[in-house]
Every structure is written in structure tokens, then in C-alpha cells.
Amino acid sequence: MESTRLFGEDRGLSYLNGPERSERDSGVAANLSAFERRTLELFAAGLPRREIAQLLNRAPKTISNSLTASRDKLGARSLAEAAALMAAEAVSVAMKANA
């Protein structure tokens, strides 16, 4: 089950590959870079910045800067709102894939 996997030892690893390109280019996050999208997806999945930095082999400050840029590009007031937008988009993409 996907939700239990997110909180296990390998949580977030399924997000490293991300959605297919055609899915990435649509929706609320269309103007985000691939790196910004990935960091925000991992953040939305509940991973802390330090763990995201380790997974993506980047400095924690780079992750913080990417999250801030993502929030600003989405026009969200907070990272929580930006993460909710990404989560809603992920659900929408999953529903379209299952239809």
C-alpha cells in the first residue's frame, strides 16, 4: 500500500522518478522546474528538508531555496498551501490514469 510505504524506511523513494513528462507539463505546477517540482513533491509527502537534501544529494539550503521558489511560483501563502496544491494535483493525475 502506497501510504504505508511513504512512512517506512524507503519513504519518498518512489517519488524520485516522478511522473511521466506529459503529466508533469500540465496542472498547477507546470511553471516549476523539474527540481522544484521534485523537492515540493517530497516535502508534500512529509519528508523533512534534511532528508530531501540527502535523497537528492544537495545541500539543505538548496532545498529550502527550491521550496521557497516553488511556493512563490505557485502563488501560495505558505509551504503547506503549496504542498496541498501539489498533493491535489497528484490525486488528479492518479485519477486520470485510473480512468
# chains A, B, ... in the order shown; residues from 1 in each chain; ligands from 1
$ residues_around --residues "segment 76-91 of chain A" --least-positions-apart "5" --cutoff "9 Å" --atoms "only C-alpha atoms" --output "VMD selection string"
chain A and resid 19 27 to 29 37 40 to 41 43 to 45 67 to 68 70 to 71 96
$ write_last_selection --atoms "C-alpha atoms" --output "compact mmCIF listing (two decimals), in the first residue's frame"
# COMPACT_ATOMS: atom_id res chain seq x y z
CA PRO A 19 5.51 11.31 -13.10
CA GLY A 27 -1.57 21.39 -14.00
CA VAL A 28 -0.76 23.91 -11.31
CA ALA A 29 2.94 23.06 -11.25
CA ARG A 37 8.66 20.06 -8.52
CA LEU A 40 7.96 20.09 -3.36
CA GLU A 41 6.58 16.58 -4.03
CA PHE A 43 8.07 17.86 1.02
CA ALA A 44 4.36 17.23 0.41
CA ALA A 45 4.97 13.53 1.11
CA LEU A 67 10.84 25.16 -1.78
CA THR A 68 10.60 28.94 -1.40
CA SER A 70 8.14 26.76 -5.69
CA ARG A 71 5.85 28.45 -3.18
CA LYS A 96 -6.98 10.34 -14.71
$ residues_around --residues "segment 32-35 of chain A" --least-positions-apart "6" --cutoff "9 Å" --atoms "only C-alpha atoms" --output "PyMOL selection string"
chain A and resi 24+66+69-70+73-74
$ atom_distance --atom1 "atom CA of Ser92 of chain A" --atom2 "atom CA of Leu56 of chain A"
25.4 Å
